[in-house]
Amino acid sequence: MNTDQITDFLRKQNVFTVIGVSSNPAKYGHQIYKDLKEVGYVVYAVNPNIDTVSGDRCYHSLSELPEKPDVVDVVVPPKVTEKIVVECRDLGLKKSMDAARVGIRACNIVLRSERHKSSA
């Protein structure tokens, strides 16, 4: 993964979806959702078991979203991930599946950097 691919993945115009978002602030899915929103991304929450997260609507599946996301961040157990990949494919979200290869580590580094810039 080169710098241009990471930069494209994290463009502000990208719409993110966090699948497996949690209403529990201690959970990783909640943190990712909150961090992406805090630095200005459009982010949709997806979890079939909850209706809201941080006061925002939580969708029960990708197909319910009002627009197709550019990036799908999956925070679910491995056995559920396969179903998510199939749903992404069925919805034509190829870019989302490609972007997932960038890895959450790169995303977290950039988010921390952006939060630091905005608080300085």
# chains A, B, ... in the order shown; residues from 1 in each chain; ligands from 1

call {"tool": "closest_atom_pairs", "arguments": {"of": "stretch 58-94 of chain A", "to": "stretch 15-22 of chain A", "cutoff": "10 Å", "atoms": "only C-alpha atoms", "output": "Markdown table"}}
result
| residue | atom | partner | partner_atom | distance |
| --- | --- | --- | --- | --- |
| A:Cys58 | CA | A:Val21 | CA | 8.3 |
| A:Tyr59 | CA | A:Ile19 | CA | 9.2 |
| A:His60 | CA | A:Ile19 | CA | 9.2 |
| A:Ser61 | CA | A:Ile19 | CA | 8.2 |
| A:Leu62 | CA | A:Ile19 | CA | 8.2 |
| A:Leu65 | CA | A:Thr17 | CA | 9.0 |
| A:Glu67 | CA | A:Val15 | CA | 8.6 |
| A:Lys68 | CA | A:Val15 | CA | 7.8 |
| A:Pro69 | CA | A:Val15 | CA | 4.9 |
| A:Asp70 | CA | A:Val15 | CA | 5.1 |
| A:Val71 | CA | A:Phe16 | CA | 4.8 |
| A:Val72 | CA | A:Thr17 | CA | 4.9 |
| A:Asp73 | CA | A:Val18 | CA | 4.8 |
| A:Val74 | CA | A:Ile19 | CA | 4.9 |
| A:Val75 | CA | A:Gly20 | CA | 4.9 |
| A:Val76 | CA | A:Gly20 | CA | 5.3 |
| A:Pro77 | CA | A:Gly20 | CA | 8.9 |
| A:Val80 | CA | A:Gly20 | CA | 9.6 |
| A:Thr81 | CA | A:Ile19 | CA | 9.4 |
| A:Ile84 | CA | A:Ile19 | CA | 8.4 |

call {"tool": "closest_residue", "arguments": {"among": "A:Arg89, A:Lys79, A:His30, A:Arg11", "to": "A:Asn47", "atoms": "only C-alpha atoms"}}
result
A:His30

call {"tool": "atom_distance", "arguments": {"atom1": "atom CA of A:Asp4", "atom2": "atom CA of A:Asp90"}}
result
27.3 Å

call {"tool": "closest_residue", "arguments": {"among": "A:Asp8, A:Val85, A:Val53, A:Pro48", "to": "A:Gly29", "atoms": "only C-alpha atoms"}}
result
A:Val53

call {"tool": "select_by_dssp", "arguments": {"residues": "stretch 3-79 of chain A", "states": "strand (DSSP E or B)", "output": "list in words"}}
result
Val15, Phe16, Thr17, Val18, Ile19, Val42, Val43, Tyr44, Ala45, Val46, Thr52, Val53, Asp56, Arg57, Cys58, Tyr59, Val71, Val72, Asp73 and Val74 of chain A

call {"tool": "atom_distance", "arguments": {"atom1": "atom CA of A:Asp51", "atom2": "atom CA of A:Gln13"}}
result
25.6 Å

call {"tool": "atom_distance", "arguments": {"atom1": "atom CA of A:Ser54", "atom2": "atom CA of A:Glu87"}}
result
25.4 Å
